[in-house]
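Peer 1: Input file: upload_20.cif. Contents: mmCIF, C-alpha atoms and all ligand atoms.
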```cif
data_run
#
loop_
_atom_site.label_atom_id
_atom_site.label_comp_id
_atom_site.auth_asym_id
_atom_site.auth_seq_id
_atom_site.Cartn_x
_atom_site.Cartn_y
_atom_site.Cartn_z
CA MET B 166 39.01 -79.25 25.47
CA LYS B 167 38.14 -75.58 25.54
CA LEU B 168 34.69 -74.51 24.43
CA LYS B 169 34.75 -72.04 21.51
CA LEU B 170 34.00 -68.45 22.49
CA HIS B 171 30.71 -68.23 20.60
CA TRP B 172 29.43 -71.33 22.40
CA GLN B 173 30.46 -69.86 25.71
CA ILE B 174 28.56 -66.67 24.86
CA PHE B 175 25.52 -68.61 23.69
CA ILE B 176 25.41 -70.65 26.89
CA ALA B 177 25.86 -67.47 28.94
CA LEU B 178 22.92 -65.92 27.08
CA ILE B 179 20.65 -68.87 27.88
CA LEU B 180 21.78 -68.98 31.52
CA GLY B 181 21.14 -65.24 31.81
CA ILE B 182 17.59 -65.67 30.53
CA ILE B 183 16.97 -68.62 32.88
CA LEU B 184 18.23 -66.64 35.87
CA ALA B 185 16.00 -63.68 34.99
CA VAL B 186 12.91 -65.82 34.49
CA LEU B 187 13.53 -67.55 37.83
CA ALA B 188 14.12 -64.17 39.46
CA ARG B 189 10.81 -62.82 38.17
CA ALA B 190 8.97 -65.96 39.24
CA MET B 191 10.51 -66.04 42.71
CA GLY B 192 10.59 -62.30 43.31
CA PHE B 193 14.31 -61.66 43.51
CA GLU B 194 14.53 -59.61 40.29
CA SER B 195 15.87 -56.58 42.15
CA PHE B 196 18.93 -58.65 43.08
CA VAL B 197 19.53 -59.37 39.39
CA ILE B 198 18.80 -55.79 38.31
CA ASP B 199 20.98 -54.16 40.99
CA LYS B 200 23.70 -56.67 41.78
CA VAL B 201 24.27 -59.19 38.98
CA SER B 202 24.10 -56.37 36.44
CA VAL B 203 27.36 -54.91 37.82
CA LEU B 204 29.30 -57.59 35.92
CA GLY B 205 27.71 -56.34 32.70
CA VAL B 206 28.54 -52.75 33.54
CA ILE B 207 32.19 -53.68 34.12
CA PHE B 208 32.37 -55.52 30.81
CA LEU B 209 30.74 -52.66 28.86
CA ARG B 210 33.02 -50.10 30.47
CA ALA B 211 36.06 -52.16 29.49
CA LEU B 212 34.82 -52.39 25.90
CA ARG B 213 34.05 -48.68 25.74
CA MET B 214 37.47 -47.95 27.20
CA VAL B 215 39.19 -49.37 24.11
CA ILE B 216 36.86 -47.93 21.47
CA VAL B 217 38.36 -44.47 20.85
CA PRO B 218 42.04 -45.52 20.85
CA LEU B 219 41.16 -48.62 18.85
CA ILE B 220 39.31 -46.59 16.21
CA VAL B 221 42.04 -43.95 15.95
CA ALA B 222 44.86 -46.48 15.72
CA SER B 223 43.01 -48.82 13.40
CA ILE B 224 41.95 -46.13 10.96
CA ILE B 225 45.35 -44.45 10.87
CA SER B 226 47.19 -47.74 10.44
CA GLY B 227 44.57 -48.86 7.92
CA VAL B 228 44.84 -45.74 5.80
CA THR B 229 48.63 -45.68 5.86
CA GLY B 230 48.48 -49.34 4.84
CA ILE B 231 46.21 -48.52 1.89
CA GLY B 232 49.09 -46.49 0.53
CA ASN B 233 48.31 -43.92 -2.11
CA ALA B 234 45.43 -41.64 -3.01
CA GLU B 235 44.27 -43.88 -5.82
CA ASN B 236 43.86 -46.91 -3.54
CA PHE B 237 42.24 -44.76 -0.90
CA GLY B 238 39.73 -43.36 -3.39
CA ARG B 239 38.88 -46.82 -4.71
CA MET B 240 38.38 -48.31 -1.23
CA SER B 241 36.25 -45.38 -0.11
CA ALA B 242 34.10 -45.61 -3.23
CA LYS B 243 33.51 -49.34 -2.69
CA THR B 244 32.81 -48.89 1.00
CA PHE B 245 30.29 -46.08 0.59
CA THR B 246 28.57 -47.79 -2.33
CA TYR B 247 28.14 -50.95 -0.26
CA TYR B 248 26.81 -49.00 2.72
CA ILE B 249 24.28 -47.00 0.78
CA VAL B 250 23.08 -49.86 -1.42
CA THR B 251 22.57 -52.27 1.50
CA SER B 252 20.88 -49.65 3.68
CA LEU B 253 18.49 -48.78 0.84
CA LEU B 254 17.76 -52.47 0.19
CA ALA B 255 16.99 -52.87 3.90
CA ILE B 256 14.65 -49.88 3.91
CA LEU B 257 12.84 -51.10 0.80
CA THR B 258 12.37 -54.53 2.40
CA GLY B 259 10.78 -52.86 5.42
CA LEU B 260 8.66 -50.60 3.21
CA VAL B 261 7.22 -53.49 1.22
CA MET B 262 6.58 -55.64 4.31
CA VAL B 263 4.83 -52.92 6.32
CA ASN B 264 2.65 -52.06 3.32
CA ILE B 265 1.69 -55.70 2.84
CA ILE B 266 1.16 -56.63 6.50
CA HIS B 267 -0.41 -53.33 7.66
CA PRO B 268 0.31 -54.04 11.35
CA GLY B 269 -0.95 -50.63 12.49
CA VAL B 270 -4.35 -50.58 10.80
CA GLY B 271 -7.05 -50.87 13.42
CA ALA B 272 -4.56 -51.67 16.18
CA SER B 273 -5.57 -50.45 19.63
CA ILE B 274 -2.43 -49.56 21.47
CA THR B 275 -1.94 -47.60 24.62
CA MET B 276 0.55 -44.80 24.71
CA THR B 277 3.59 -44.90 26.88
CA GLU B 278 5.15 -41.70 28.01
CA ILE B 279 7.64 -40.52 25.42
CA PRO B 280 11.28 -40.01 26.27
CA HIS B 281 12.42 -36.51 27.14
CA GLY B 282 14.27 -34.32 24.71
CA LEU B 283 12.83 -35.88 21.58
CA GLN B 284 11.99 -32.55 20.00
CA SER B 285 15.55 -31.34 20.23
CA ASN B 286 16.65 -34.28 18.09
CA VAL B 287 14.68 -32.99 15.15
CA ASP B 288 17.21 -30.21 14.70
CA LYS B 289 20.11 -32.35 15.76
CA LEU B 290 20.48 -34.41 12.59
CA SER B 291 21.90 -31.55 10.56
CA ASP B 292 24.20 -30.73 13.48
CA THR B 293 25.39 -34.34 13.54
CA LEU B 294 26.14 -34.23 9.83
CA LEU B 295 28.00 -30.92 10.05
CA GLY B 296 29.64 -32.07 13.26
CA ILE B 297 31.54 -34.70 11.25
CA ILE B 298 34.18 -32.00 10.90
CA PRO B 299 35.41 -31.51 14.46
CA LEU B 300 36.22 -28.04 15.74
CA ASN B 301 38.70 -29.68 18.01
CA PRO B 302 39.74 -33.26 17.28
CA LEU B 303 41.01 -33.89 20.80
CA ALA B 304 37.71 -32.73 22.31
CA ALA B 305 35.92 -35.13 19.95
CA MET B 306 38.13 -37.98 21.19
CA VAL B 307 37.70 -37.04 24.83
CA ASN B 308 33.93 -36.88 24.44
CA GLY B 309 33.73 -40.09 22.43
CA LYS B 310 32.19 -38.41 19.35
CA ILE B 311 32.92 -41.19 16.91
CA LEU B 312 32.13 -39.64 13.51
CA PRO B 313 34.42 -36.63 13.91
CA VAL B 314 37.12 -38.89 15.34
CA ILE B 315 36.87 -41.08 12.24
CA PHE B 316 36.99 -38.06 9.95
CA PHE B 317 40.10 -36.65 11.60
CA SER B 318 41.83 -40.04 11.73
CA LEU B 319 41.15 -40.64 8.03
CA LEU B 320 42.74 -37.30 7.13
CA PHE B 321 45.61 -37.78 9.53
CA GLY B 322 46.39 -41.23 8.14
CA PHE B 323 46.14 -40.00 4.59
CA PHE B 324 48.56 -37.13 5.17
CA ILE B 325 51.05 -39.40 6.92
CA THR B 326 51.46 -41.02 3.50
CA LYS B 327 52.31 -37.55 2.15
CA ALA B 328 54.85 -36.73 4.87
CA PRO B 329 58.55 -36.65 3.98
CA LYS B 330 61.10 -39.21 5.16
CA PRO B 331 61.81 -40.22 7.90
CA TYR B 332 58.52 -39.08 9.47
CA LYS B 333 56.35 -41.09 7.17
CA SER B 334 57.82 -44.42 8.24
CA GLN B 335 58.21 -43.35 11.87
CA LEU B 336 54.56 -42.39 12.17
CA THR B 337 53.37 -45.42 10.21
CA ASP B 338 55.31 -47.70 12.54
CA PHE B 339 54.15 -45.84 15.59
CA PHE B 340 50.44 -46.14 14.79
CA GLN B 341 50.86 -49.73 13.65
CA GLY B 342 52.40 -50.39 17.07
CA VAL B 343 49.56 -48.64 18.90
CA PHE B 344 47.09 -50.65 16.89
CA GLU B 345 48.79 -53.96 17.76
CA VAL B 346 48.70 -53.07 21.45
CA MET B 347 45.03 -52.04 21.27
CA MET B 348 44.15 -55.33 19.59
CA LYS B 349 46.00 -57.28 22.31
CA MET B 350 44.08 -55.38 24.96
CA THR B 351 40.83 -55.98 23.11
CA HIS B 352 41.58 -59.65 22.89
CA PHE B 353 42.01 -59.80 26.63
CA ILE B 354 38.72 -58.00 27.32
CA ILE B 355 36.91 -60.26 24.87
CA LEU B 356 37.77 -63.27 27.01
CA PHE B 357 35.25 -61.92 29.53
CA THR B 358 32.41 -61.59 27.01
CA PRO B 359 30.44 -64.60 28.34
CA VAL B 360 30.32 -63.13 31.86
CA GLY B 361 29.33 -59.71 30.50
CA VAL B 362 26.65 -61.11 28.23
CA PHE B 363 25.23 -63.25 31.04
CA ALA B 364 24.81 -60.23 33.29
CA ILE B 365 23.49 -57.86 30.61
CA ILE B 366 20.85 -60.29 29.39
CA ALA B 367 19.79 -61.29 32.90
CA LYS B 368 19.20 -57.63 33.74
CA LYS B 369 17.28 -56.88 30.56
CA VAL B 370 14.98 -59.86 30.91
CA ALA B 371 14.47 -59.28 34.63
CA GLU B 372 13.35 -55.72 33.91
CA THR B 373 10.94 -56.51 31.11
CA GLY B 374 8.03 -58.88 31.28
CA VAL B 375 6.57 -60.45 28.15
CA ASP B 376 2.98 -59.19 28.58
CA ILE B 377 3.75 -55.78 27.05
CA PHE B 378 4.53 -57.48 23.75
CA ILE B 379 1.04 -58.72 22.99
CA PRO B 380 -0.65 -55.58 21.56
CA LEU B 381 2.46 -54.83 19.53
CA ALA B 382 2.94 -58.34 18.20
CA GLY B 383 1.97 -57.36 14.63
CA TYR B 384 4.45 -54.50 14.56
CA MET B 385 7.21 -56.60 16.11
CA GLY B 386 6.49 -59.42 13.69
CA THR B 387 6.80 -57.05 10.73
CA VAL B 388 10.14 -55.65 11.91
CA ILE B 389 11.49 -59.12 12.72
CA LEU B 390 10.34 -60.62 9.42
CA SER B 391 11.89 -57.77 7.44
CA LEU B 392 15.15 -57.96 9.41
CA ALA B 393 15.27 -61.71 8.84
CA PHE B 394 14.72 -61.24 5.11
CA HIS B 395 17.57 -58.77 4.92
CA ALA B 396 19.93 -60.81 7.09
CA PHE B 397 19.21 -64.26 5.70
CA ILE B 398 18.34 -63.54 2.07
CA THR B 399 19.60 -60.18 0.79
CA LEU B 400 23.01 -60.08 2.48
CA PRO B 401 23.83 -63.78 1.88
CA LEU B 402 22.95 -63.27 -1.81
CA LEU B 403 25.35 -60.34 -1.98
CA LEU B 404 28.03 -62.36 -0.17
CA SER B 405 27.65 -65.25 -2.48
CA VAL B 406 27.13 -63.49 -5.83
CA VAL B 407 29.31 -60.41 -5.45
CA GLY B 408 31.91 -61.77 -3.05
CA ARG B 409 32.03 -65.53 -3.83
CA ILE B 410 31.85 -65.99 -0.06
CA SER B 411 30.03 -68.78 1.74
CA PRO B 412 27.29 -67.12 3.86
CA LEU B 413 27.32 -70.03 6.29
CA ALA B 414 31.08 -69.88 6.84
CA MET B 415 30.80 -66.13 7.25
CA PHE B 416 28.01 -66.49 9.77
CA LYS B 417 30.04 -69.00 11.78
CA ALA B 418 33.06 -66.70 11.71
CA MET B 419 31.04 -63.80 13.09
CA THR B 420 28.87 -65.59 15.69
CA SER B 421 30.65 -64.17 18.76
CA ALA B 422 30.32 -60.62 17.45
CA LEU B 423 26.67 -61.13 16.47
CA LEU B 424 25.74 -62.54 19.88
CA THR B 425 27.53 -59.65 21.56
CA ALA B 426 25.69 -57.15 19.36
CA PHE B 427 22.45 -58.87 20.33
CA SER B 428 23.12 -58.63 24.04
CA THR B 429 24.72 -55.19 24.20
CA SER B 430 22.49 -53.43 21.59
CA SER B 431 25.51 -51.39 20.61
CA SER B 432 27.47 -51.64 17.38
CA SER B 433 30.20 -49.42 18.84
CA ALA B 434 30.68 -51.55 21.92
CA THR B 435 30.75 -54.63 19.69
CA LEU B 436 33.34 -53.16 17.31
CA PRO B 437 36.35 -54.67 19.10
CA LEU B 438 34.81 -58.15 18.74
CA THR B 439 33.76 -57.51 15.15
CA MET B 440 37.33 -56.57 14.25
CA GLU B 441 38.81 -59.55 15.98
CA SER B 442 36.33 -62.01 14.40
CA ILE B 443 36.71 -60.66 10.89
CA GLU B 444 40.49 -60.84 11.06
CA GLN B 445 41.00 -64.05 13.05
CA ASN B 446 38.05 -66.14 11.88
CA ALA B 447 37.21 -64.78 8.43
CA GLY B 448 40.82 -64.02 7.53
CA ALA B 449 40.28 -60.49 6.19
CA SER B 450 43.34 -58.27 6.22
CA ASN B 451 43.83 -55.56 8.72
CA ARG B 452 44.29 -53.12 5.86
CA VAL B 453 40.65 -53.53 4.76
CA SER B 454 38.95 -54.25 8.07
CA SER B 455 40.54 -51.35 9.90
CA PHE B 456 39.16 -49.00 7.29
CA VAL B 457 35.72 -50.51 6.60
CA LEU B 458 34.62 -51.64 10.08
CA PRO B 459 34.94 -48.53 12.26
CA LEU B 460 33.18 -46.54 9.58
CA GLY B 461 30.53 -49.22 9.21
CA ALA B 462 29.88 -49.48 12.94
CA THR B 463 29.08 -45.77 12.95
CA ILE B 464 27.31 -45.07 9.69
CA ASN B 465 26.19 -48.36 8.14
CA MET B 466 23.12 -49.48 10.04
CA ASP B 467 20.90 -51.57 7.81
CA GLY B 468 18.83 -52.89 10.69
CA THR B 469 18.25 -49.40 12.07
CA ALA B 470 17.36 -47.99 8.65
CA LEU B 471 14.81 -50.75 8.08
CA TYR B 472 13.31 -50.34 11.52
CA GLU B 473 12.97 -46.56 11.13
CA CYS B 474 10.95 -47.04 7.97
CA VAL B 475 8.66 -49.75 9.37
CA ALA B 476 8.12 -47.88 12.64
CA ALA B 477 7.26 -44.57 10.95
CA ILE B 478 4.72 -46.17 8.64
CA PHE B 479 3.31 -48.25 11.50
CA ILE B 480 2.75 -45.07 13.52
CA ALA B 481 1.05 -43.46 10.53
CA GLN B 482 -1.21 -46.50 10.20
CA VAL B 483 -2.19 -46.39 13.88
CA TYR B 484 -3.07 -42.70 13.60
CA GLY B 485 -5.05 -43.44 10.43
CA PHE B 486 -2.82 -41.23 8.23
CA ASP B 487 -2.77 -42.12 4.58
CA LEU B 488 0.76 -41.57 3.41
CA SER B 489 1.18 -40.40 -0.17
CA PHE B 490 3.88 -41.81 -2.43
CA ALA B 491 5.90 -38.62 -1.90
CA GLN B 492 5.64 -38.97 1.87
CA GLN B 493 6.77 -42.59 1.72
CA PHE B 494 9.70 -41.47 -0.41
CA ILE B 495 10.62 -38.87 2.24
CA ILE B 496 10.45 -41.62 4.85
CA VAL B 497 12.89 -43.73 2.83
CA LEU B 498 15.35 -40.84 2.53
CA THR B 499 15.11 -39.69 6.13
CA ALA B 500 15.38 -43.30 7.35
CA LEU B 501 18.66 -43.53 5.46
CA LEU B 502 19.93 -40.27 6.96
CA ALA B 503 18.73 -41.21 10.43
CA SER B 504 20.58 -44.52 10.25
CA ILE B 505 23.76 -42.72 9.24
CA GLY B 506 23.34 -40.14 11.99
CA ALA B 507 22.39 -42.63 14.73
CA ALA B 508 25.22 -43.44 17.08
CA GLY B 509 26.10 -47.10 17.63
CA ILE B 510 24.62 -47.10 21.11
CA PRO B 511 21.46 -48.61 22.61
CA MET B 512 18.18 -46.98 21.52
CA ALA B 513 19.85 -44.44 19.25
CA GLY B 514 17.45 -45.49 16.51
CA LEU B 515 14.39 -44.76 18.64
CA VAL B 516 15.64 -41.26 19.33
CA MET B 517 16.16 -40.70 15.61
CA MET B 518 12.49 -41.54 14.95
CA ALA B 519 11.69 -37.94 15.85
CA VAL B 520 13.48 -36.76 12.72
CA ILE B 521 11.38 -38.94 10.43
CA LEU B 522 8.06 -38.25 12.11
CA ASN B 523 8.78 -34.56 11.87
CA ALA B 524 9.72 -34.77 8.19
CA VAL B 525 6.35 -36.22 7.22
CA GLY B 526 4.27 -34.29 9.74
CA LEU B 527 3.37 -37.14 12.08
CA PRO B 528 2.94 -36.44 15.81
CA LEU B 529 6.13 -36.96 17.80
CA GLU B 530 4.11 -38.70 20.52
CA GLY B 531 3.91 -41.62 18.10
CA VAL B 532 7.22 -42.77 19.51
CA GLY B 533 5.35 -43.60 22.71
CA LEU B 534 3.48 -46.32 20.82
CA ILE B 535 6.55 -48.34 19.95
CA LEU B 536 8.64 -47.63 23.03
CA PRO B 537 7.65 -50.70 25.08
CA VAL B 538 9.11 -53.16 22.58
CA ASP B 539 12.04 -51.10 21.45
CA ARG B 540 14.58 -52.86 23.62
CA ILE B 541 14.08 -56.25 22.04
CA LEU B 542 13.95 -54.81 18.52
CA ASP B 543 17.13 -52.85 19.29
CA MET B 544 18.93 -56.12 20.04
CA LEU B 545 17.86 -57.59 16.73
CA ARG B 546 18.56 -54.54 14.59
CA THR B 547 21.99 -54.08 16.16
CA SER B 548 22.88 -57.67 15.20
CA VAL B 549 21.78 -56.92 11.64
CA ASN B 550 23.86 -53.72 11.66
CA VAL B 551 26.97 -55.65 12.68
CA TRP B 552 26.22 -58.48 10.24
CA SER B 553 26.02 -56.01 7.35
CA ASP B 554 29.32 -54.34 8.33
CA SER B 555 30.97 -57.75 8.45
CA CYS B 556 29.57 -58.88 5.09
CA GLY B 557 30.72 -55.60 3.55
CA THR B 558 34.23 -56.03 4.91
CA ALA B 559 34.52 -59.55 3.49
CA ILE B 560 33.12 -58.53 0.10
CA ILE B 561 35.46 -55.56 -0.16
CA ALA B 562 38.46 -57.61 1.04
CA HIS B 563 37.78 -60.16 -1.68
CA SER B 564 37.32 -57.46 -4.32
CA GLU B 565 40.72 -56.06 -3.26
CA GLY B 566 42.29 -59.34 -4.32
CA GLU B 567 42.35 -61.14 -0.96
CA ASN B 568 42.07 -64.68 -2.19
CA ASN B 569 43.06 -66.36 1.04
CA LEU B 570 39.95 -65.41 3.02
CA LYS B 571 38.90 -68.35 5.16
CA VAL B 572 35.24 -67.86 4.26
CA LEU B 573 35.48 -68.14 0.47
CA ARG B 574 33.19 -70.65 -1.25
CA LYS B 575 34.88 -73.91 -2.06
CA LYS B 576 35.60 -74.24 -5.75
CA SER B 577 33.42 -76.98 -7.22
N1 LIG B 601 21.57 -49.83 18.90
C1 LIG B 601 21.85 -49.69 17.50
C2 LIG B 601 23.33 -49.93 17.22
O1 LIG B 601 24.16 -49.70 18.05
C3 LIG B 601 21.43 -48.37 16.96
C4 LIG B 601 19.93 -48.27 17.05
O2 LIG B 601 19.42 -47.93 18.11
O3 LIG B 601 19.26 -48.58 16.07
O4 LIG B 601 23.67 -50.36 16.16
#
```
Please rewrite the model in this file as structure tokens.
Peer 2:
Amino acid sequence: MKLKLHWQIFIALILGIILAVLARAMGFESFVIDKVSVLGVIFLRALRMVIVPLIVASIISGVTGIGNAENFGRMSAKTFTYYIVTSLLAILTGLVMVNIIHPGVGASITMTEIPHGLQSNVDKLSDTLLGIIPLNPLAAMVNGKILPVIFFSLLFGFFITKAPKPYKSQLTDFFQGVFEVMMKMTHFIILFTPVGVFAIIAKKVAETGVDIFIPLAGYMGTVILSLAFHAFITLPLLLSVVGRISPLAMFKAMTSALLTAFSTSSSSATLPLTMESIEQNAGASNRVSSFVLPLGATINMDGTALYECVAAIFIAQVYGFDLSFAQQFIIVLTALLASIGAAGIPMAGLVMMAVILNAVGLPLEGVGLILPVDRILDMLRTSVNVWSDSCGTAIIAHSEGENNLKVLRKKS
């Protein structure tokens, strides 16, 4: 009997942690950090290799599958509404929690050196937003700039549906074919996920001890509690009430993708697995998932949005700043923008903190306070990001009349 993929990944995760703990105890952590980690690098490179062609092919085939402008408009409206509503709900959860728990008040925390180039990010957000329209679509693809690639692919797919015969069907078939091949390739790479996850986790744990967590336990607890509330209460309620979907069945369907998000800290790198899980295990159509997921992996980051809000207010609390209602409102808005602008790569959220701190006049060095625990929080918020994308895809698929989803609630 073959063990299901998510069990294989889970076991790999545990084995990775055990290896790292042993390595730290017995002093061979450099072996894990330098040598074992190579397996993780190979796996991540393979995943990254498929991302751009997968996104281009999936969006173009998705949009041509959607058909006409009316369907396209309706799907886009649903998708963006879901993204904005869930991100705002996540931010509000964080806002309430951090104001109740006050983890930063009176905390004595030592500064860590802040990452280089933070200041330049303050101006970068508007560039990122404008940069959605690529000057040169091929350059965007070559450089892996996902948002402009999505934008161009959406337009390209849409105008294929406007092309005259025979080009319309030729191009539709062509991109459908490319998409099928990319999914086959993805499927093959995914078979190696347990090995990749084992190596990535072993390296992360071997590099980081647990002692740095203690002074920041209150802050970590607040972020984790808020993320848990969003993932286990808010999103399941939406699934169940709006989508008539069983949250448990959905969770089971997505476990491999969620564990991969947790270990890679990258929604983009996880995208191939998210697509495969939502189609194979949850039964959503390619027409919906190939439109909603690549967009979601890039702009819908509930976990990141929530974390930005909690972290900014935590930093204000440590510095003894009293934030007015207006300032908290600015934090909510900039957290939303930062989560849209953050790339689906590790620590993108931390880098975006500069934008928020700048907007409310907090010192940029504040990022140095939260840096030591960012890695672990990144793993958790990335899982929440992927979970929200998946829930959105299932809800939208059901609202588009897909009544044969495998995750629907049983009729009582
Ligand atoms: N690592 C996150 C992601 O890929 C982004 C972040 O840093 O918050 O979803």
Peer 1: Assuming 3 Å of padding per side, give the centre and edge lengths of the axis-aligned box around every listed atom of ligand LIG 601 (chain B), in Å to one decimal and as lines of an AutoDock Vina configuration file.
Peer 2:
```
center_x = 21.7
center_y = -49.1
center_z = 17.5
size_x = 10.9
size_y = 8.4
size_z = 8.8
```
Peer 1: Any idea what's packed within 8 Å of stretch 451-465 of chain B, counting all atoms listed in the file, ignoring anything in its chain fewer than 6 positions away? Could you give it as JSON, numbers by chain?
Peer 2: {"B": [220, 223, 224, 226, 227, 228, 230, 231, 244, 248, 249, 252, 311, 312, 315, 432, 433, 436, 439, 440, 443, 444, 504, 505, 506, 507, 508, 509, 550, 551, 553, 554, 555, 557, 558, 561, 562]}
Peer 1: Under the rule of at most 7 Å, produce a per-residue listing of chain B near ligand LIG 601 (chain B): chain, number, name, the closest pair of atoms, and the distance in Å, as a Markdown table, using only C-alpha atoms and all ligand atoms.
Peer 2:
```
| residue | atom | partner | partner_atom | distance |
| --- | --- | --- | --- | --- |
| B:Ser430 | CA | B:LIG601 | N1 | 4.6 |
| B:Ser431 | CA | B:LIG601 | O1 | 3.4 |
| B:Ser432 | CA | B:LIG601 | O1 | 3.9 |
| B:Ser433 | CA | B:LIG601 | O1 | 6.1 |
| B:Met466 | CA | B:LIG601 | O4 | 6.2 |
| B:Gly468 | CA | B:LIG601 | O3 | 6.9 |
| B:Thr469 | CA | B:LIG601 | O3 | 4.2 |
| B:Ala507 | CA | B:LIG601 | C3 | 6.2 |
| B:Ala508 | CA | B:LIG601 | C3 | 6.2 |
| B:Gly509 | CA | B:LIG601 | O1 | 3.3 |
| B:Ile510 | CA | B:LIG601 | O1 | 4.0 |
| B:Pro511 | CA | B:LIG601 | N1 | 3.9 |
| B:Met512 | CA | B:LIG601 | O2 | 3.8 |
| B:Ala513 | CA | B:LIG601 | O2 | 3.7 |
| B:Gly514 | CA | B:LIG601 | O2 | 3.5 |
| B:Leu515 | CA | B:LIG601 | O2 | 6.0 |
| B:Asp543 | CA | B:LIG601 | N1 | 5.4 |
| B:Met544 | CA | B:LIG601 | N1 | 6.9 |
| B:Arg546 | CA | B:LIG601 | O3 | 6.2 |
| B:Thr547 | CA | B:LIG601 | O4 | 4.1 |
| B:Asn550 | CA | B:LIG601 | O4 | 5.6 |
```
Peer 1: Between atom CA of B:Leu253 and atom CA of B:Glu473, what distance in Å does the model show, to one decimal?
Peer 2: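 Going from atom CA of B:Leu253 over to atom CA of B:Glu473, I get 11.9 Å.
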Peer 1: When you look at B:Ile521 with a cut-off of 8 Å (counting only C-alpha atoms), what residues show up, excluding the ones that are within fewer than 2 positions of it in the same chain? I need them as a ChimeraX atom specification.
Peer 2: /B:473,477,496,499-500,503,517-519,523-525
Peer 1: Could you add N, CA and C atoms to stretch 421-435 of chain B and give me the result as a PDB file, in the coordinates of the input?
Peer 2:
```pdb
ATOM      1  N   SER B 421      30.396 -64.834  17.462  1.00  0.00           N
ATOM      2  CA  SER B 421      30.650 -64.170  18.760  1.00  0.00           C
ATOM      3  C   SER B 421      30.254 -62.695  18.688  1.00  0.00           C
ATOM      4  N   ALA B 422      30.633 -62.047  17.588  1.00  0.00           N
ATOM      5  CA  ALA B 422      30.320 -60.620  17.450  1.00  0.00           C
ATOM      6  C   ALA B 422      28.805 -60.422  17.373  1.00  0.00           C
ATOM      7  N   LEU B 423      28.117 -61.307  16.635  1.00  0.00           N
ATOM      8  CA  LEU B 423      26.670 -61.130  16.470  1.00  0.00           C
ATOM      9  C   LEU B 423      25.943 -61.325  17.800  1.00  0.00           C
ATOM     10  N   LEU B 424      26.383 -62.321  18.570  1.00  0.00           N
ATOM     11  CA  LEU B 424      25.740 -62.540  19.880  1.00  0.00           C
ATOM     12  C   LEU B 424      26.017 -61.370  20.819  1.00  0.00           C
ATOM     13  N   THR B 425      27.215 -60.801  20.701  1.00  0.00           N
ATOM     14  CA  THR B 425      27.530 -59.650  21.560  1.00  0.00           C
ATOM     15  C   THR B 425      26.706 -58.437  21.142  1.00  0.00           C
ATOM     16  N   ALA B 426      26.536 -58.261  19.839  1.00  0.00           N
ATOM     17  CA  ALA B 426      25.690 -57.150  19.360  1.00  0.00           C
ATOM     18  C   ALA B 426      24.285 -57.334  19.899  1.00  0.00           C
ATOM     19  N   PHE B 427      23.802 -58.578  19.851  1.00  0.00           N
ATOM     20  CA  PHE B 427      22.450 -58.870  20.330  1.00  0.00           C
ATOM     21  C   PHE B 427      22.323 -58.519  21.807  1.00  0.00           C
ATOM     22  N   SER B 428      23.304 -58.893  22.610  1.00  0.00           N
ATOM     23  CA  SER B 428      23.120 -58.630  24.040  1.00  0.00           C
ATOM     24  C   SER B 428      23.459 -57.208  24.457  1.00  0.00           C
ATOM     25  N   THR B 429      24.377 -56.544  23.755  1.00  0.00           N
ATOM     26  CA  THR B 429      24.720 -55.190  24.200  1.00  0.00           C
ATOM     27  C   THR B 429      23.883 -54.108  23.511  1.00  0.00           C
ATOM     28  N   SER B 430      23.225 -54.435  22.393  1.00  0.00           N
ATOM     29  CA  SER B 430      22.490 -53.430  21.590  1.00  0.00           C
ATOM     30  C   SER B 430      23.380 -52.264  21.223  1.00  0.00           C
ATOM     31  N   SER B 431      24.638 -52.499  20.985  1.00  0.00           N
ATOM     32  CA  SER B 431      25.510 -51.390  20.610  1.00  0.00           C
ATOM     33  C   SER B 431      26.560 -51.840  19.600  1.00  0.00           C
ATOM     34  N   SER B 432      26.471 -51.266  18.386  1.00  0.00           N
ATOM     35  CA  SER B 432      27.470 -51.640  17.380  1.00  0.00           C
ATOM     36  C   SER B 432      28.848 -51.125  17.776  1.00  0.00           C
ATOM     37  N   SER B 433      28.899 -49.964  18.439  1.00  0.00           N
ATOM     38  CA  SER B 433      30.200 -49.420  18.840  1.00  0.00           C
ATOM     39  C   SER B 433      30.862 -50.312  19.863  1.00  0.00           C
ATOM     40  N   ALA B 434      30.094 -50.705  20.887  1.00  0.00           N
ATOM     41  CA  ALA B 434      30.680 -51.550  21.920  1.00  0.00           C
ATOM     42  C   ALA B 434      31.104 -52.898  21.345  1.00  0.00           C
ATOM     43  N   THR B 435      30.408 -53.337  20.284  1.00  0.00           N
ATOM     44  CA  THR B 435      30.750 -54.630  19.690  1.00  0.00           C
ATOM     45  C   THR B 435      31.947 -54.546  18.758  1.00  0.00           C
TER      46      THR B 435
END
```
